[in-house]
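Text of the file model.csv, holding CSV, C-alpha atoms:
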chain,number,residue,atom,x,y,z
A,32,MET,CA,7.0,-17.0,9.1
A,33,ARG,CA,9.7,-16.0,6.7
A,34,ALA,CA,13.1,-14.8,7.8
A,35,ASP,CA,14.2,-11.2,8.4
A,36,ALA,CA,14.8,-10.8,4.6
A,37,LEU,CA,11.1,-10.3,4.3
A,38,VAL,CA,11.0,-7.1,6.3
A,39,GLY,CA,8.6,-4.8,4.5
A,40,ALA,CA,8.4,-7.3,1.6
A,41,ALA,CA,4.7,-7.9,1.6
A,42,THR,CA,2.1,-6.2,3.8
A,43,GLY,CA,-0.6,-8.2,2.1
A,44,ARG,CA,-4.0,-7.4,0.8
A,45,HIS,CA,-6.9,-6.4,3.0
A,46,ALA,CA,-10.5,-6.9,3.7
A,47,GLY,CA,-13.2,-7.3,1.1
A,48,THR,CA,-16.0,-9.9,1.4
A,49,ASP,CA,-13.8,-12.1,-0.7
A,50,GLY,CA,-10.5,-11.1,0.9
A,51,LYS,CA,-9.7,-8.8,-2.1
A,52,ARG,CA,-9.7,-5.0,-2.5
A,53,SER,CA,-13.0,-3.3,-3.0
A,54,ARG,CA,-13.5,-2.3,-6.6
A,55,GLY,CA,-15.4,0.9,-5.8
A,56,GLY,CA,-17.6,2.3,-8.5
A,57,ASP,CA,-18.3,0.7,-11.9
A,58,ALA,CA,-17.3,3.5,-14.2
A,59,PRO,CA,-14.4,2.4,-16.4
A,60,HIS,CA,-11.3,4.4,-16.7
A,61,SER,CA,-8.2,4.1,-18.9
A,62,VAL,CA,-5.8,1.4,-17.6
A,63,SER,CA,-2.7,2.9,-19.2
A,64,SER,CA,-2.5,5.6,-16.5
A,65,VAL,CA,-4.1,6.6,-13.3
A,66,GLN,CA,-7.5,8.3,-13.6
A,67,ALA,CA,-7.4,12.0,-13.6
A,68,ASP,CA,-10.1,12.5,-11.1
A,69,ASP,CA,-8.4,10.8,-8.1
A,70,ASP,CA,-9.5,13.7,-5.8
A,71,LEU,CA,-10.4,11.1,-3.2
A,72,LEU,CA,-6.7,10.8,-2.5
A,73,ASP,CA,-5.6,14.4,-3.4
A,74,HIS,CA,-3.8,13.5,-6.6
A,75,VAL,CA,-1.2,10.9,-5.6
A,76,ALA,CA,0.4,11.4,-9.0
A,77,ASP,CA,1.3,15.0,-7.9
A,78,TRP,CA,2.7,14.2,-4.4
A,79,GLY,CA,6.2,14.6,-5.8
A,80,PRO,CA,9.5,13.2,-4.6
A,81,THR,CA,10.7,12.9,-1.0
A,82,VAL,CA,14.1,12.5,0.4
A,83,THR,CA,14.7,9.3,2.4
A,84,PRO,CA,17.9,7.9,4.1
A,85,ALA,CA,18.2,5.6,1.1
A,86,GLY,CA,17.9,8.4,-1.5
A,87,VAL,CA,15.1,10.3,-3.4
A,88,PHE,CA,11.9,8.3,-3.5
A,89,ARG,CA,8.7,8.9,-5.6
A,90,LEU,CA,5.4,7.2,-6.0
A,91,VAL,CA,4.5,6.8,-9.7
A,92,PRO,CA,1.0,5.6,-10.6
A,93,VAL,CA,1.2,2.3,-12.4
A,94,ASP,CA,1.1,2.3,-16.2
A,95,LEU,CA,-0.5,-1.1,-16.6
A,96,GLU,CA,0.8,-1.9,-20.1
A,97,GLN,CA,4.4,-1.0,-19.2
A,98,ASP,CA,4.6,-2.1,-15.6
A,99,LEU,CA,2.5,-5.3,-15.4
A,100,PRO,CA,5.4,-7.7,-16.3
A,101,LEU,CA,7.5,-6.3,-13.5
A,102,ILE,CA,4.7,-6.3,-10.9
A,103,SER,CA,3.7,-9.8,-11.9
A,104,ARG,CA,7.3,-11.1,-11.5
A,105,TRP,CA,7.4,-9.7,-8.0
A,106,MET,CA,4.1,-11.3,-7.2
A,107,ASN,CA,5.5,-14.6,-8.2
A,108,ASP,CA,8.3,-14.4,-5.7
A,109,PRO,CA,7.3,-17.0,-3.0
A,110,ALA,CA,8.1,-14.6,-0.2
A,111,VAL,CA,5.6,-12.1,-1.7
A,112,ALA,CA,3.0,-14.7,-2.8
A,113,ALA,CA,2.7,-16.0,0.7
A,114,PHE,CA,0.9,-12.8,1.7
A,115,TRP,CA,-0.4,-11.3,-1.5
A,116,GLY,CA,-1.8,-14.4,-3.1
A,117,LEU,CA,-1.4,-13.1,-6.6
A,118,GLU,CA,1.1,-15.7,-7.9
A,119,GLY,CA,0.5,-17.5,-11.2
A,120,ALA,CA,-0.3,-16.2,-14.7
A,121,GLN,CA,0.2,-12.5,-15.4
A,122,ASN,CA,-3.5,-11.9,-15.8
A,123,THR,CA,-3.9,-12.7,-12.1
A,124,THR,CA,-2.0,-9.6,-11.2
A,125,GLU,CA,-3.6,-7.7,-14.1
A,126,ASP,CA,-7.1,-8.4,-12.8
A,127,HIS,CA,-6.1,-7.1,-9.3
A,128,VAL,CA,-4.5,-3.9,-10.6
A,129,ARG,CA,-7.1,-3.3,-13.3
A,130,ALA,CA,-9.9,-3.4,-10.8
A,131,GLN,CA,-8.4,-0.3,-9.1
A,132,PHE,CA,-8.4,1.6,-12.3
A,133,ALA,CA,-12.0,0.6,-12.9
A,134,GLY,CA,-13.0,2.1,-9.5
A,135,ASP,CA,-13.7,5.7,-8.5
A,136,GLY,CA,-10.2,6.7,-7.4
A,137,ARG,CA,-10.4,5.4,-3.8
A,138,SER,CA,-7.4,3.2,-4.5
A,139,ILE,CA,-4.3,4.1,-6.5
A,140,PRO,CA,-1.7,1.4,-7.5
A,141,CYS,CA,1.9,2.8,-7.7
A,142,LEU,CA,5.4,1.9,-8.3
A,143,GLY,CA,7.9,3.0,-5.7
A,144,VAL,CA,10.9,4.5,-7.6
A,145,LEU,CA,14.1,4.9,-5.5
A,146,GLU,CA,16.9,6.9,-7.1
A,147,GLY,CA,15.3,6.4,-10.5
A,148,THR,CA,14.8,2.6,-10.1
A,149,PRO,CA,11.4,0.9,-9.7
A,150,MET,CA,11.9,-1.3,-6.7
A,151,SER,CA,8.5,-1.6,-4.9
A,152,TYR,CA,4.7,-1.8,-5.4
A,153,TRP,CA,2.3,0.3,-3.4
A,154,GLU,CA,-1.4,0.7,-3.0
A,155,VAL,CA,-2.6,4.0,-1.5
A,156,TYR,CA,-6.3,3.8,-0.6
A,157,ARG,CA,-9.1,5.5,1.3
A,158,ALA,CA,-9.4,3.1,4.3
A,159,ASP,CA,-12.6,4.9,5.4
A,160,LEU,CA,-14.2,4.1,2.1
A,161,ASP,CA,-12.9,0.5,1.9
A,162,PRO,CA,-14.5,-2.7,3.3
A,163,LEU,CA,-11.8,-2.5,5.9
A,164,ALA,CA,-13.8,0.2,7.6
A,165,ARG,CA,-16.3,-2.4,8.7
A,166,HIS,CA,-13.5,-3.9,10.9
A,167,TYR,CA,-12.2,-1.0,12.8
A,168,PRO,CA,-13.4,2.4,14.0
A,169,ALA,CA,-12.7,4.3,10.8
A,170,ARG,CA,-12.4,8.1,10.7
A,171,PRO,CA,-13.1,10.3,7.6
A,172,HIS,CA,-10.1,10.5,5.3
A,173,ASP,CA,-8.2,7.6,6.9
A,174,THR,CA,-5.5,6.7,4.3
A,175,GLY,CA,-4.4,3.1,3.9
A,176,ILE,CA,-1.2,1.8,2.4
A,177,HIS,CA,0.1,-1.6,1.2
A,178,LEU,CA,3.7,-2.3,0.2
A,179,LEU,CA,5.8,-5.0,-1.3
A,180,ILE,CA,9.5,-4.6,-1.9
A,181,GLY,CA,10.2,-6.3,-5.2
A,182,ARG,CA,13.9,-6.6,-5.3
A,183,VAL,CA,15.4,-9.2,-3.0
A,184,ALA,CA,18.5,-7.1,-2.5
A,185,ASP,CA,16.4,-4.4,-1.0
A,186,ARG,CA,14.9,-6.6,1.7
A,187,GLY,CA,16.2,-7.2,5.2
A,188,ARG,CA,18.2,-3.9,5.6
A,189,GLY,CA,15.6,-1.5,7.1
A,190,LEU,CA,14.6,0.0,3.8
A,191,GLY,CA,11.0,-1.0,4.2
A,192,ALA,CA,10.7,1.0,7.4
A,193,ALA,CA,12.3,4.0,5.9
A,194,LEU,CA,10.0,4.0,2.9
A,195,LEU,CA,6.9,3.3,5.0
A,196,ARG,CA,7.7,6.4,7.1
A,197,ALA,CA,8.4,8.5,4.1
A,198,VAL,CA,5.1,7.5,2.3
A,199,ALA,CA,3.0,7.9,5.5
A,200,ASP,CA,4.4,11.4,6.0
A,201,LEU,CA,3.8,12.2,2.4
A,202,ALA,CA,0.2,11.2,2.8
A,203,LEU,CA,-0.1,13.4,5.9
A,204,ASP,CA,1.6,16.3,4.2
A,205,LYS,CA,-0.4,16.1,1.0
A,206,ARG,CA,-3.8,15.2,2.5
A,207,PRO,CA,-4.6,17.9,5.0
A,208,ALA,CA,-7.9,16.2,5.9
A,209,CYS,CA,-6.2,13.0,6.8
A,210,ALA,CA,-5.3,12.6,10.5
A,211,ARG,CA,-4.2,8.9,10.3
A,212,VAL,CA,-2.4,6.5,8.0
A,213,ILE,CA,-3.6,2.9,8.4
A,214,ALA,CA,-2.1,-0.4,7.5
A,215,GLU,CA,-3.2,-4.0,8.2
A,216,PRO,CA,-0.4,-6.5,7.6
A,217,ASP,CA,-0.9,-10.2,8.3
A,218,LEU,CA,-0.3,-10.8,11.9
A,219,ARG,CA,2.0,-13.7,11.0
A,220,ASN,CA,4.2,-11.4,9.0
A,221,THR,CA,6.2,-10.3,12.0
A,222,PRO,CA,9.0,-8.6,9.9
A,223,SER,CA,6.4,-6.5,8.2
A,224,VAL,CA,4.8,-5.6,11.6
A,225,ALA,CA,8.2,-4.7,12.9
A,226,ALA,CA,8.9,-2.5,9.9
A,227,PHE,CA,5.7,-0.5,10.6
A,228,LEU,CA,6.6,-0.1,14.2
A,229,SER,CA,10.1,1.2,13.2
A,230,ALA,CA,8.3,3.6,10.7
A,231,GLY,CA,6.4,5.3,13.5
A,232,PHE,CA,3.2,3.4,13.4
A,233,ARG,CA,1.6,2.1,16.6
A,234,PHE,CA,0.0,-1.2,17.0
A,235,SER,CA,-3.7,-0.5,17.6
A,236,ALA,CA,-5.5,-3.9,17.6
A,237,GLU,CA,-5.8,-7.4,16.1
A,238,VAL,CA,-8.6,-7.6,13.6
A,239,ASP,CA,-10.2,-10.6,11.9
A,240,LEU,CA,-10.5,-9.9,8.2
A,241,PRO,CA,-12.0,-12.3,5.7
A,242,ALA,CA,-8.6,-13.4,4.4
A,243,LYS,CA,-6.4,-13.1,7.4
A,244,ARG,CA,-5.9,-12.0,11.0
A,245,ALA,CA,-4.3,-8.6,10.8
A,246,ALA,CA,-2.3,-6.2,12.9
A,247,LEU,CA,-4.0,-2.8,12.7
A,248,MET,CA,-1.2,-0.3,12.5
A,249,VAL,CA,-1.7,3.4,12.8
A,250,ARG,CA,0.5,6.5,12.2
A,251,ASP,CA,-1.2,9.5,13.8
A,252,ARG,CA,-0.6,13.0,12.6
A,253,SER,CA,-0.5,14.2,16.2
A,254,LEU,CA,2.3,11.7,17.0
A,255,ARG,CA,4.3,11.9,13.8
A,256,HIS,CA,7.1,14.0,15.4
A,257,LEU,CA,7.3,11.8,18.5
A,258,LEU,CA,7.4,8.3,16.9
What does this structure look like when you write it as structure tokens?
Amino acid sequence: MRADALVGAATGRHAGTDGKRSRGGDAPHSVSSVQADDDLLDHVADWGPTVTPAGVFRLVPVDLEQDLPLISRWMNDPAVAAFWGLEGAQNTTEDHVRAQFAGDGRSIPCLGVLEGTPMSYWEVYRADLDPLARHYPARPHDTGIHLLIGRVADRGRGLGAALLRAVADLALDKRPACARVIAEPDLRNTPSVAAFLSAGFRFSAEVDLPAKRAALMVRDRSLRHLL
């Protein structure tokens, strides 16, 4: 396991039959911007900014042409690659991100922009419509999140926990039908698990996914003001 500098750095990918994200439907969409019909996640692009202890933070849907080099560079950081498995040529990352744009809006890849600077990569997805739902008692509108913090200078100082809390609360605020935010970091990634706990998630269970043994982390709407 990596040192504390990895806190929040890579929550990792989740459960498909091949260990990769479900691609959803087959209808193609533009890969230059997020699809306009992302009603499945209540228009992540319009969630707007939120104030965190580290400054103003916003999720911005990925522009593949513009953002791919940055995301690929982050994926090739050994600390990130250990859990995301997308190191190598840029088209490895491109295929992963493009698959989400080719889906039906159940997964939205985003850059996390803090005080105007892109510094993290996120995937916001419908956990109840994902292959992950076969591995835990899913509820309608469960919202899942993945995070990697790209800049080394932003790791190991509690920023991951602050951003996880902020994004989970954004999802609960902007998605009235969603009662829970779900995450499934690799169980070996103890700094990531610790970041989720600090962000108000509770540890629910250990789950065996095709690509990893994961810690199922849950942030409940009913407990958000207590944890």
Quiz item: Nearest to Asp126 of chain A: which of A:Ala110, A:Ile139, A:Leu95, A:Val87 is it, counting all atoms listed in the file?
Solution: A:Leu95
Practice problem: Compare A:Gly119, A:Asp185, A:Met248, A:Phe232 by their minimum atom-to-atom distance to Pro216 of chain A, counting all atoms listed in the file, and give me the closest one. | Solution: A:Met248
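For the pair atom CA of Ala193 of chain A and atom CA of Ala76 of chain A, the separation is 20.5 Å.
Those DNA, RNA and protein residues that approach the point (-0.8, 0.4, 3.4) to within 7 Å, considering all atoms listed in the file, are Glu154, Val155, Gly175, Ile176, His177, Leu178, Ile213, Ala214 and Glu215 of chain A.
Taking atom CA of Leu145 of chain A as the reference point, atom CA of Thr83 of chain A is found at 9.1 Å.
Our summary of the geometry notes that atom CA of Leu142 of chain A is positioned 5.2 Å from atom CA of Val91 of chain A.
If only C-alpha atoms are the atoms counted, then among A:Leu72, A:Leu160, A:Leu247, A:Leu99 the closest residue to Lys205 of chain A is A:Leu72.
Remark: for Pro149 of chain A, the closest of the candidate residues A:Ser253, A:Gln97, A:Ser229, A:Thr221 is A:Gln97 (distances computed over only C-alpha atoms).
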Quiz prompt | Contacts of Glu146 of chain A at 9 Å (only C-alpha atoms; same-chain gap of 6+ positions) as a ChimeraX atom specification | solution = /A:85-89
Quiz item: Residues around (9.2, -14.7, -4.5), cut-off 12 Å, counting all atoms listed in the file - what are they as JSON, numbers by chain?
Solution: {"A": [33, 36, 37, 40, 41, 102, 103, 104, 105, 106, 107, 108, 109, 110, 111, 112, 113, 114, 115, 116, 117, 118, 119, 179, 180, 181, 182, 183, 186]}
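Proximity to Arg255 of chain A was assessed for A:Arg165, A:Arg188, A:Arg233, A:Arg206 counting all atoms listed in the file; the smallest distance is recorded for A:Arg233.
Proximity of A:Arg196, A:Arg157, A:Met150, A:Val144 to Pro80 of chain A, computed with all atoms listed in the file, is greatest for A:Val144.
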Exercise. Show which residues sit within 7 Å of His172 of chain A, as a ChimeraX atom specification. Count all atoms listed in the file, and ignore same-chain residues fewer than 6 positions away.
Key: /A:157,159,208-209
